[in-house]
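One file, structure32.txt, carrying compact mmCIF, C-alpha atoms and all ligand atoms:
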# COMPACT_ATOMS: atom_id res chain seq x y z
CA MET A 1 22.85 -30.96 83.07
CA LYS A 2 26.02 -28.85 82.77
CA ARG A 3 24.90 -26.05 80.46
CA ILE A 4 21.54 -24.65 79.39
CA GLY A 5 20.53 -21.99 76.89
CA VAL A 6 17.98 -19.20 77.28
CA LEU A 7 16.29 -17.09 74.61
CA THR A 8 13.39 -14.68 74.19
CA THR A 9 11.23 -14.87 71.08
CA GLY A 10 8.07 -13.42 69.52
CA GLY A 11 6.65 -10.08 70.65
CA ASP A 12 8.47 -8.58 73.63
CA ALA A 13 6.69 -8.32 76.96
CA PRO A 14 7.60 -6.48 80.17
CA GLY A 15 9.25 -8.91 82.58
CA MET A 16 11.20 -10.86 79.96
CA ASN A 17 14.41 -9.44 81.40
CA ALA A 18 13.34 -10.38 84.92
CA ALA A 19 12.67 -13.93 83.67
CA ILE A 20 16.11 -14.20 82.02
CA ARG A 21 17.68 -12.96 85.25
CA ALA A 22 15.83 -15.62 87.26
CA VAL A 23 16.86 -18.39 84.84
CA VAL A 24 20.51 -17.33 84.84
CA ARG A 25 20.85 -16.94 88.59
CA THR A 26 18.91 -20.10 89.45
CA ALA A 27 21.00 -22.12 87.02
CA ILE A 28 24.28 -20.71 88.33
CA SER A 29 23.27 -21.38 91.91
CA HIS A 30 22.72 -25.03 90.87
CA GLY A 31 26.15 -25.17 89.21
CA ILE A 32 24.77 -25.01 85.67
CA GLU A 33 26.34 -22.74 83.05
CA VAL A 34 24.12 -20.51 80.95
CA THR A 35 24.41 -19.58 77.29
CA GLY A 36 22.30 -16.61 76.16
CA VAL A 37 20.91 -16.86 72.64
CA GLU A 38 20.29 -13.53 70.91
CA LYS A 39 17.25 -12.70 68.77
CA GLY A 40 15.18 -15.76 69.55
CA TYR A 41 15.21 -18.83 67.34
CA SER A 42 17.18 -16.96 64.67
CA GLY A 43 20.10 -16.75 67.12
CA LEU A 44 20.10 -20.54 67.39
CA TYR A 45 20.53 -20.71 63.63
CA ASP A 46 23.17 -17.94 63.42
CA LYS A 47 25.05 -19.23 66.50
CA SER A 48 24.52 -15.88 68.18
CA PHE A 49 25.55 -17.24 71.57
CA LEU A 50 27.01 -15.49 74.59
CA LYS A 51 28.11 -16.79 77.96
CA LEU A 52 26.03 -15.32 80.78
CA ASN A 53 27.06 -14.96 84.39
CA SER A 54 25.35 -13.41 87.41
CA ARG A 55 26.69 -9.96 86.53
CA SER A 56 25.37 -10.18 82.93
CA VAL A 57 21.86 -9.86 84.33
CA SER A 58 22.50 -7.05 86.82
CA GLY A 59 20.27 -3.99 86.67
CA ILE A 60 17.64 -5.42 84.32
CA ILE A 61 14.88 -6.53 86.70
CA ASN A 62 13.09 -3.19 86.29
CA LYS A 63 13.55 -2.83 82.52
CA ALA A 64 10.96 -3.82 79.91
CA GLY A 65 11.98 -5.36 76.60
CA THR A 66 14.67 -8.03 76.47
CA PHE A 67 18.41 -7.48 76.53
CA LEU A 68 18.81 -10.73 74.56
CA LYS A 69 16.64 -9.12 71.84
CA THR A 70 13.77 -10.88 70.12
CA LYS A 71 12.76 -11.57 66.57
CA ARG A 72 10.02 -13.34 64.67
CA PHE A 73 11.70 -16.13 62.67
CA PRO A 74 9.24 -17.98 60.39
CA GLU A 75 12.14 -20.01 58.92
CA PHE A 76 12.08 -22.05 62.15
CA LYS A 77 9.06 -23.88 60.68
CA LYS A 78 11.46 -25.66 58.29
CA ILE A 79 12.91 -28.92 59.55
CA GLU A 80 16.31 -28.29 57.91
CA VAL A 81 16.56 -24.98 59.79
CA ARG A 82 15.63 -26.64 63.10
CA ARG A 83 18.17 -29.41 62.41
CA GLN A 84 20.93 -26.82 62.02
CA CYS A 85 19.77 -25.09 65.25
CA HIS A 86 19.93 -28.43 67.07
CA GLN A 87 23.43 -29.11 65.77
CA ASN A 88 24.57 -25.63 66.82
CA LEU A 89 23.30 -26.25 70.35
CA LEU A 90 25.08 -29.61 70.54
CA ASP A 91 28.30 -28.02 69.26
CA ALA A 92 28.03 -25.37 71.97
CA GLY A 93 27.53 -28.04 74.65
CA VAL A 94 24.03 -26.81 75.49
CA GLU A 95 21.94 -29.63 76.94
CA GLY A 96 18.62 -27.90 77.59
CA LEU A 97 16.81 -24.74 76.54
CA VAL A 98 14.51 -22.22 78.24
CA VAL A 99 12.33 -20.39 75.72
CA ILE A 100 10.64 -17.20 76.93
CA GLY A 101 7.76 -16.14 74.69
CA GLY A 102 4.12 -16.40 73.65
CA ASP A 103 1.93 -18.73 71.61
CA GLY A 104 4.07 -18.82 68.42
CA SER A 105 7.12 -19.49 70.58
CA ALA A 106 5.27 -22.36 72.26
CA ARG A 107 4.62 -24.04 68.91
CA GLY A 108 8.28 -23.68 67.91
CA ALA A 109 9.45 -24.98 71.29
CA TYR A 110 7.17 -28.01 71.15
CA GLN A 111 8.17 -28.86 67.58
CA PHE A 112 11.89 -28.50 68.32
CA SER A 113 11.74 -30.58 71.47
CA SER A 114 9.73 -33.32 69.72
CA ASP A 115 11.98 -33.42 66.63
CA PHE A 116 15.18 -34.11 68.53
CA ASP A 117 13.97 -35.24 71.96
CA PHE A 118 15.72 -32.12 73.24
CA PRO A 119 14.88 -30.75 76.72
CA VAL A 120 12.91 -27.50 76.31
CA VAL A 121 10.84 -25.57 78.85
CA LEU A 122 8.70 -22.56 77.95
CA ILE A 123 8.16 -19.56 80.19
CA PRO A 124 4.95 -17.92 78.96
CA ALA A 125 5.59 -14.22 78.36
CA SER A 126 3.09 -12.18 76.38
CA ILE A 127 0.92 -9.16 76.96
CA ASP A 128 -1.96 -11.09 75.39
CA ASN A 129 -2.28 -13.69 78.19
CA ASP A 130 -3.62 -16.10 75.60
CA LEU A 131 -1.86 -19.36 76.45
CA TYR A 132 -3.76 -22.41 77.62
CA GLY A 133 -2.85 -23.75 81.05
CA THR A 134 -1.83 -20.63 82.96
CA ASP A 135 -3.93 -17.92 84.60
CA PHE A 136 -1.29 -15.33 83.76
CA THR A 137 1.65 -14.78 81.43
CA VAL A 138 4.69 -12.65 82.24
CA GLY A 139 3.95 -9.07 81.13
CA PHE A 140 0.17 -9.20 81.15
CA ASP A 141 -0.32 -7.41 84.46
CA THR A 142 2.03 -4.61 83.38
CA ALA A 143 0.26 -4.17 80.02
CA VAL A 144 -3.16 -4.08 81.70
CA ASN A 145 -1.94 -1.42 84.14
CA THR A 146 -0.44 0.65 81.32
CA ALA A 147 -3.68 0.50 79.34
CA VAL A 148 -5.81 1.22 82.42
CA SER A 149 -3.86 4.36 83.16
CA ALA A 150 -4.22 5.53 79.51
CA VAL A 151 -7.97 4.82 79.47
CA ASP A 152 -8.43 6.63 82.79
CA ASN A 153 -6.86 9.72 81.23
CA ILE A 154 -9.13 9.47 78.19
CA ARG A 155 -12.13 9.05 80.49
CA ASP A 156 -11.43 12.53 81.90
CA THR A 157 -11.97 14.06 78.46
CA ALA A 158 -14.92 11.79 77.68
CA THR A 159 -16.67 12.99 80.84
CA SER A 160 -15.84 16.69 80.44
CA HIS A 161 -17.01 16.81 76.82
CA ASP A 162 -19.84 14.26 76.98
CA ARG A 163 -18.09 12.15 74.36
CA THR A 164 -18.09 8.51 73.36
CA PHE A 165 -14.60 7.05 72.90
CA VAL A 166 -13.63 3.91 71.04
CA ILE A 167 -10.28 2.78 72.47
CA GLU A 168 -8.35 0.08 70.64
CA VAL A 169 -6.10 -2.14 72.73
CA MET A 170 -3.80 -4.96 71.60
CA GLY A 171 -5.01 -8.53 71.12
CA ARG A 172 -4.90 -9.87 67.59
CA GLU A 173 -6.37 -13.26 68.38
CA LYS A 174 -7.81 -12.99 71.89
CA GLY A 175 -9.56 -10.41 74.02
CA ASN A 176 -8.10 -11.14 77.48
CA LEU A 177 -6.32 -7.80 77.67
CA ALA A 178 -9.38 -5.89 76.43
CA VAL A 179 -11.71 -7.54 78.95
CA GLU A 180 -9.46 -6.92 81.95
CA VAL A 181 -8.98 -3.29 80.93
CA ALA A 182 -12.74 -2.90 80.46
CA VAL A 183 -13.50 -4.27 83.92
CA ALA A 184 -10.81 -2.15 85.57
CA CYS A 185 -11.82 1.07 83.80
CA GLY A 186 -15.57 0.61 84.05
CA ALA A 187 -15.96 0.61 80.27
CA GLU A 188 -19.53 0.52 79.02
CA ILE A 189 -18.85 -1.90 76.15
CA VAL A 190 -16.04 -4.35 75.32
CA ILE A 191 -15.61 -5.96 71.92
CA ILE A 192 -13.32 -8.98 71.50
CA PRO A 193 -12.48 -11.34 68.62
CA GLU A 194 -13.97 -14.41 70.34
CA VAL A 195 -17.47 -12.95 70.75
CA LYS A 196 -19.06 -11.42 67.71
CA LEU A 197 -20.83 -8.14 68.42
CA GLU A 198 -22.59 -6.72 65.35
CA ASN A 199 -22.50 -2.97 64.75
CA ARG A 200 -26.27 -2.75 65.21
CA GLU A 201 -25.93 -4.34 68.66
CA ILE A 202 -23.38 -1.70 69.61
CA VAL A 203 -25.79 0.99 68.40
CA SER A 204 -28.63 -0.41 70.47
CA LEU A 205 -26.39 -0.68 73.58
CA LEU A 206 -25.45 2.99 73.19
CA LYS A 207 -29.09 3.96 72.70
CA GLU A 208 -30.00 2.13 75.92
CA GLN A 209 -27.29 4.08 77.71
CA ASP A 210 -28.70 7.32 76.33
CA LYS A 211 -32.05 6.42 77.84
CA LYS A 212 -30.39 5.78 81.20
CA GLY A 213 -28.97 9.30 81.14
CA LYS A 214 -25.36 8.39 80.40
CA THR A 215 -23.71 11.31 78.66
CA SER A 216 -20.33 9.74 77.94
CA SER A 217 -19.06 6.23 77.33
CA ILE A 218 -15.97 4.15 76.75
CA ILE A 219 -15.88 1.28 74.28
CA ILE A 220 -12.84 -1.00 74.55
CA LEU A 221 -12.09 -2.72 71.27
CA ALA A 222 -9.51 -5.51 70.94
CA GLU A 223 -7.53 -4.98 67.72
CA GLY A 224 -8.50 -8.44 66.46
CA ALA A 225 -12.19 -7.49 66.57
CA GLY A 226 -11.99 -4.40 64.36
CA ARG A 227 -10.41 -0.99 63.84
CA ALA A 228 -11.18 1.89 66.19
CA ASN A 229 -11.25 4.52 63.44
CA GLU A 230 -13.76 2.52 61.39
CA LEU A 231 -16.06 1.85 64.31
CA ALA A 232 -15.88 5.49 65.41
CA ALA A 233 -16.74 6.68 61.88
CA PHE A 234 -19.68 4.29 61.72
CA LEU A 235 -21.00 5.38 65.12
CA GLN A 236 -20.65 9.03 64.16
CA THR A 237 -23.04 8.52 61.25
CA GLU A 238 -25.47 6.68 63.54
CA PHE A 239 -25.24 9.35 66.26
CA PRO A 240 -24.74 12.66 64.44
CA ASN A 241 -25.45 14.69 67.59
CA ARG A 242 -22.88 12.89 69.69
CA GLN A 243 -19.13 13.52 69.61
CA ILE A 244 -17.42 10.23 68.85
CA ARG A 245 -13.64 10.00 69.13
CA TYR A 246 -11.14 7.17 69.05
CA SER A 247 -7.66 6.34 70.35
CA VAL A 248 -5.35 3.47 69.48
CA LEU A 249 -3.10 2.62 72.43
CA GLY A 250 -0.68 0.55 70.33
CA TYR A 251 2.84 -0.30 71.36
CA ILE A 252 2.87 1.69 74.60
CA GLN A 253 1.21 -1.45 75.99
CA ARG A 254 4.33 -3.54 75.33
CA GLY A 255 6.77 -1.29 77.20
CA GLY A 256 7.15 0.25 80.62
CA SER A 257 8.79 -0.92 83.80
CA PRO A 258 7.29 -4.27 84.87
CA THR A 259 4.87 -4.20 87.80
CA TYR A 260 5.55 -6.06 91.02
CA LEU A 261 3.22 -8.91 89.94
CA THR A 262 5.00 -9.29 86.60
CA ARG A 263 8.42 -9.36 88.28
CA VAL A 264 7.39 -11.90 90.89
CA LEU A 265 5.83 -14.16 88.26
CA ALA A 266 9.00 -13.91 86.15
CA ALA A 267 11.09 -14.91 89.18
CA GLN A 268 8.81 -17.86 89.98
CA PHE A 269 8.72 -19.09 86.37
CA GLY A 270 12.47 -18.64 85.88
CA THR A 271 13.19 -20.70 88.98
CA ALA A 272 10.67 -23.40 88.01
CA ALA A 273 11.95 -23.65 84.43
CA VAL A 274 15.50 -24.43 85.53
CA GLU A 275 14.29 -26.97 88.09
CA LEU A 276 12.25 -28.72 85.39
CA LEU A 277 15.25 -28.96 83.09
CA GLN A 278 17.37 -30.26 85.94
CA LYS A 279 14.84 -33.03 86.48
CA ARG A 280 14.80 -33.58 82.71
CA LYS A 281 11.04 -32.94 82.62
CA TYR A 282 10.21 -31.70 79.14
CA PRO A 283 8.61 -30.35 77.03
CA PHE A 284 6.66 -28.35 79.59
CA MET A 285 5.45 -24.81 80.15
CA THR A 286 5.56 -23.17 83.56
CA GLY A 287 2.22 -21.74 84.65
CA ILE A 288 0.26 -20.38 87.57
CA LYS A 289 -3.16 -21.62 88.69
CA GLY A 290 -4.64 -19.81 91.64
CA ASN A 291 -1.55 -19.18 93.72
CA GLU A 292 0.28 -22.31 92.71
CA ILE A 293 3.07 -22.78 90.20
CA VAL A 294 2.13 -25.61 87.83
CA TYR A 295 3.70 -27.39 84.86
CA ILE A 296 1.69 -27.93 81.70
CA PRO A 297 2.76 -30.31 78.91
CA LEU A 298 3.59 -28.21 75.85
CA LYS A 299 1.51 -30.63 73.79
CA ASP A 300 -1.58 -29.34 75.62
CA VAL A 301 -0.48 -25.73 75.38
CA VAL A 302 -0.22 -25.90 71.59
CA SER A 303 -3.34 -27.97 71.00
CA ARG A 304 -5.84 -26.34 73.34
CA SER A 305 -7.10 -22.83 73.69
CA LYS A 306 -7.63 -20.65 76.69
CA ASP A 307 -11.23 -20.12 77.78
CA ILE A 308 -12.94 -16.83 77.08
CA PRO A 309 -12.98 -14.70 80.26
CA ALA A 310 -16.78 -15.11 80.36
CA LYS A 311 -17.30 -14.02 83.97
CA HIS A 312 -15.42 -10.79 83.43
CA LEU A 313 -17.35 -10.12 80.21
CA GLU A 314 -20.50 -10.50 82.26
CA ILE A 315 -19.20 -8.04 84.85
CA VAL A 316 -18.64 -5.38 82.17
CA LYS A 317 -22.22 -5.88 80.97
CA ASN A 318 -23.70 -5.83 84.46
CA MET A 319 -21.81 -2.73 85.55
CA ALA A 320 -22.89 -0.68 82.54
CA ILE A 321 -26.38 0.00 83.89
O1 LIG B 1 2.64 -9.33 71.83
C1 LIG B 1 1.40 -9.69 71.29
C2 LIG B 1 0.93 -8.65 70.34
O2 LIG B 1 1.04 -7.48 71.06
C3 LIG B 1 -0.43 -8.71 69.72
O3 LIG B 1 -1.49 -8.36 70.55
C4 LIG B 1 -0.25 -7.82 68.52
O4 LIG B 1 -1.19 -7.98 67.55
C5 LIG B 1 1.10 -8.21 68.07
O5 LIG B 1 1.81 -8.58 69.24
C6 LIG B 1 1.82 -7.22 67.24
O6 LIG B 1 3.20 -7.39 67.33
P1 LIG B 1 4.26 -7.13 66.19
O7 LIG B 1 3.87 -5.87 65.52
O8 LIG B 1 5.53 -7.05 66.94
O9 LIG B 1 4.20 -8.30 65.28
Let's see the structure in the file written out as structure tokens.
Amino acid sequence: MKRIGVLTTGGDAPGMNAAIRAVVRTAISHGIEVTGVEKGYSGLYDKSFLKLNSRSVSGIINKAGTFLKTKRFPEFKKIEVRRQCHQNLLDAGVEGLVVIGGDGSARGAYQFSSDFDFPVVLIPASIDNDLYGTDFTVGFDTAVNTAVSAVDNIRDTATSHDRTFVIEVMGREKGNLAVEVAVACGAEIVIIPEVKLENREIVSLLKEQDKKGKTSSIIILAEGAGRANELAAFLQTEFPNRQIRYSVLGYIQRGGSPTYLTRVLAAQFGTAAVELLQKRKYPFMTGIKGNEIVYIPLKDVVSRSKDIPAKHLEIVKNMAI
């Protein structure tokens, strides 16, 4: 392979830049040229291509976001759009593609690779950590640490004022982020989209905690399981003598300098992705299982779902005594 392309797509995640850097420098060290594609799949369509060299990726390892920019591009679902993207890559002499992104990006990558038998490898990068086949995605560790530090700060107020806080974290489809944050912050309750928890169950859990002498509590709510303001308002009517407050952490979870674990994972995945393309192994996703770098067929990634973090859910429950 003489030239490969690299793009970032979907929601940004800390460590995307570090992953691009690893792809570019690994490829160059193997004598492969690299074309950067701006704004995800839309850049393939608009021919927004730029030649990258080792210096193009200097000074970005510690920066969140993506210097190649990212964009959601629903038009990529249309075959005629993908056909044009394929033609544009051929015209630019690009023989393989590294896609850095989350679950939507995985579906696009799989479809594109299958349509044209084109070599594509996905590097999973998402703060949601919701892709089948890998223990961790690039950016997850950073987002968890950002949220943990925010929740710790809120805990100070919760304790001082004897308040109950509902804290909404990201996770539209899955609760992996919420569960990890809950374990790490010692939250009393965690609510995620995959496990239904009725309002009356939340009320009875809080009443139990009252009986145990707990004067403050933290409820971590994944955004896909409800709205923090609504739950807080409901709980306030159920517990008129308690002070209930809420906070929505929002987009602060997507930014911030990547942690050491995020950067190392990005470096490992970037290296592995180029090696896979070199061996013409596609369509695959790079992943990590235990301490080992693994390769998962994209067909499995798009057709299977990641298990609920059941053990960690159990830990939250057991620790809230
Ligand atoms: O990156 C994943 C994610 O953070 C989800 O948890 C969230 O719902 C979504 O992206 C929102 O992203 P956007 O507003 O960019 O579409």
Need the shell around Phe76 of chain A: protein/DNA/RNA residues with any atom at most 8 Å away, counting all atoms listed in the file. Skip same-chain ones fewer than 4 positions apart. Format as a short mmCIF file (atom, residue, chain, number, x, y, z; two decimals) with C-alpha atoms, in the coordinates of the input?
data_model
loop_
_atom_site.label_atom_id
_atom_site.label_comp_id
_atom_site.auth_asym_id
_atom_site.auth_seq_id
_atom_site.Cartn_x
_atom_site.Cartn_y
_atom_site.Cartn_z
CA TYR A 41 15.21 -18.83 67.34
CA SER A 42 17.18 -16.96 64.67
CA VAL A 81 16.56 -24.98 59.79
CA ARG A 82 15.63 -26.64 63.10
CA GLY A 108 8.28 -23.68 67.91
#
- [ ] Give as a PyMOL selection string every residue, naming chains and numbers as the document does, that has an atom within 12 Å of (-23.3, 7.3, 78.8), counting all atoms listed in the file.
- [x] chain A and resi 155+158-159+161-165+186-189+205-219+242-244+320-321
TODO: Select the residues contacting ligand LIG 1 (chain B) at a distance of at most 12 Å, based on only C-alpha atoms and all ligand atoms, then format the selection as a PyMOL selection string.
DONE: chain A and resi 9-14+16+65+70-74+101-105+124-131+137-140+143-144+168-178+192-193+222-226+249-255
Open item on the list: I need the residue nearest Val195 of chain A from this list: A:Ala64, A:Arg21, A:Asp152, A:Ile308. Use all atoms listed in the file for the distance.
Closed with: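 Ranking A:Ala64, A:Arg21, A:Asp152, A:Ile308 by distance to Val195 of chain A, first place goes to A:Ile308.
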Open item on the list: Using all atoms listed in the file and a cutoff of 8 Å, can you tell me which residues are near (19.8, -20.9, 79.5) in the file's coordinates, and write them out as a list in words?
Closed with: Arg3, Ile4, Gly5, Val6, Leu7, Val23, Val24, Ala27, Glu33, Val34, Thr35, Gly36, Gly96, Leu97 and Val98 of chain A
TODO: Using atom CA of Leu231 of chain A and atom CA of Val179 of chain A as the two end points, give the distance in Å to one decimal.
DONE: 17.9 Å
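Minimum atom-to-atom distances from A:Gln84, A:Thr8, A:Thr142, A:Thr66 to Thr262 of chain A were compared using all atoms listed in the file, and the lowest value belongs to A:Thr142.
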TODO: May I ask for the distance between atom CA of Thr134 of chain A and atom CA of Ala106 of chain A, given in Å to one decimal place?
DONE: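 It comes out at 13.0 Å.
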Task: Counting only C-alpha atoms, the residue of A:Asn318, A:Ser204, A:Ser29, A:Asn153 that sits nearest Ser247 of chain A - done: A:Asn153
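By only C-alpha atoms, and with residues fewer than 5 positions from Leu89 of chain A along its chain excluded, the set lying at most 8 Å from it is Leu44, Val94 and Glu95 of chain A.
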Open item on the list: What's the separation between atom CA of Tyr260 of chain A and atom CA of Ile20 of chain A, in Å to one decimal place?
Closed with: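 According to the coordinates, atom CA of Tyr260 of chain A and atom CA of Ile20 of chain A are separated by 16.1 Å.
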- [ ] Tell me which of A:Leu313, A:Ala18, A:Cys185, A:Ile123 sits closest to Thr146 of chain A, counting only C-alpha atoms.
- [x]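 The answer is A:Cys185, which sits nearest to Thr146 of chain A.
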Task: Residue nearest Ser114 of chain A among A:Ile79, A:Val148, A:Ile288, A:Val166 (counting only C-alpha atoms) - done: A:Ile79
- [ ] Counting all atoms listed in the file, figure out which residue out of A:Asn199, A:Ala184, A:Glu194, A:Ala147 gets nearest to Val248 of chain A.
- [x] A:Ala147
Open item on the list: With only C-alpha atoms as the counted atoms, please give the residues lying no more than 12 Å from Arg83 of chain A, apart from itself and same-chain residues fewer than 3 positions off, as an MDAnalysis selection string.
Closed with: chainID A and resid 44:45 75:80 86:90 111:118
Regenerate segment 122-131 of chain A at the level of all heavy atoms and dump it as a short mmCIF file (atom, residue, chain, number, x, y, z; two decimals), in the coordinates of the input.
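The new file out.cif reads:
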data_model
loop_
_atom_site.label_atom_id
_atom_site.label_comp_id
_atom_site.auth_asym_id
_atom_site.auth_seq_id
_atom_site.Cartn_x
_atom_site.Cartn_y
_atom_site.Cartn_z
N LEU A 122 9.17 -23.88 78.35
CA LEU A 122 8.70 -22.56 77.95
C LEU A 122 8.27 -21.76 79.17
O LEU A 122 7.52 -22.26 80.02
CB LEU A 122 7.51 -22.69 76.99
CG LEU A 122 6.90 -21.36 76.55
CD1 LEU A 122 7.64 -20.78 75.35
CD2 LEU A 122 5.42 -21.48 76.21
N ILE A 123 8.71 -20.51 79.22
CA ILE A 123 8.16 -19.56 80.19
C ILE A 123 7.20 -18.67 79.41
O ILE A 123 7.61 -17.97 78.49
CB ILE A 123 9.28 -18.69 80.82
CG1 ILE A 123 10.21 -19.58 81.67
CG2 ILE A 123 8.69 -17.57 81.66
CD1 ILE A 123 11.36 -18.83 82.33
N PRO A 124 5.89 -18.71 79.74
CA PRO A 124 4.95 -17.92 78.96
C PRO A 124 5.11 -16.42 79.25
O PRO A 124 4.98 -15.99 80.38
CB PRO A 124 3.59 -18.42 79.43
CG PRO A 124 3.83 -18.93 80.81
CD PRO A 124 5.25 -19.43 80.85
N ALA A 125 5.42 -15.67 78.21
CA ALA A 125 5.59 -14.22 78.36
C ALA A 125 4.91 -13.56 77.18
O ALA A 125 5.33 -13.75 76.03
CB ALA A 125 7.07 -13.87 78.40
N SER A 126 3.84 -12.84 77.45
CA SER A 126 3.09 -12.18 76.38
C SER A 126 2.09 -11.23 77.01
O SER A 126 1.49 -11.56 78.03
CB SER A 126 2.34 -13.25 75.58
OG SER A 126 1.25 -12.67 74.91
N ILE A 127 1.91 -10.08 76.40
CA ILE A 127 0.92 -9.16 76.96
C ILE A 127 -0.49 -9.63 76.67
O ILE A 127 -1.45 -9.09 77.20
CB ILE A 127 1.12 -7.71 76.46
CG1 ILE A 127 0.81 -7.60 74.97
CG2 ILE A 127 2.51 -7.20 76.79
CD1 ILE A 127 0.44 -6.20 74.56
N ASP A 128 -0.62 -10.63 75.78
CA ASP A 128 -1.96 -11.09 75.39
C ASP A 128 -2.59 -12.06 76.40
O ASP A 128 -3.80 -12.25 76.39
CB ASP A 128 -1.89 -11.78 74.02
CG ASP A 128 -1.56 -10.80 72.91
OD1 ASP A 128 -1.83 -9.60 73.09
OD2 ASP A 128 -1.02 -11.23 71.88
N ASN A 129 -1.80 -12.69 77.23
CA ASN A 129 -2.28 -13.69 78.19
C ASN A 129 -3.21 -14.71 77.51
O ASN A 129 -4.30 -15.00 78.00
CB ASN A 129 -3.02 -13.01 79.35
CG ASN A 129 -3.17 -13.94 80.55
OD1 ASN A 129 -2.40 -14.90 80.71
ND2 ASN A 129 -4.17 -13.71 81.37
N ASP A 130 -2.74 -15.25 76.40
CA ASP A 130 -3.62 -16.10 75.60
C ASP A 130 -3.16 -17.56 75.53
O ASP A 130 -3.55 -18.29 74.63
CB ASP A 130 -3.72 -15.52 74.17
CG ASP A 130 -2.36 -15.34 73.52
OD1 ASP A 130 -1.34 -15.54 74.21
OD2 ASP A 130 -2.32 -15.02 72.32
N LEU A 131 -2.33 -17.96 76.50
CA LEU A 131 -1.86 -19.36 76.45
C LEU A 131 -2.67 -20.25 77.36
O LEU A 131 -2.92 -19.91 78.54
CB LEU A 131 -0.38 -19.42 76.84
CG LEU A 131 0.54 -18.96 75.71
CD1 LEU A 131 1.63 -18.08 76.24
CD2 LEU A 131 1.13 -20.16 75.00
#
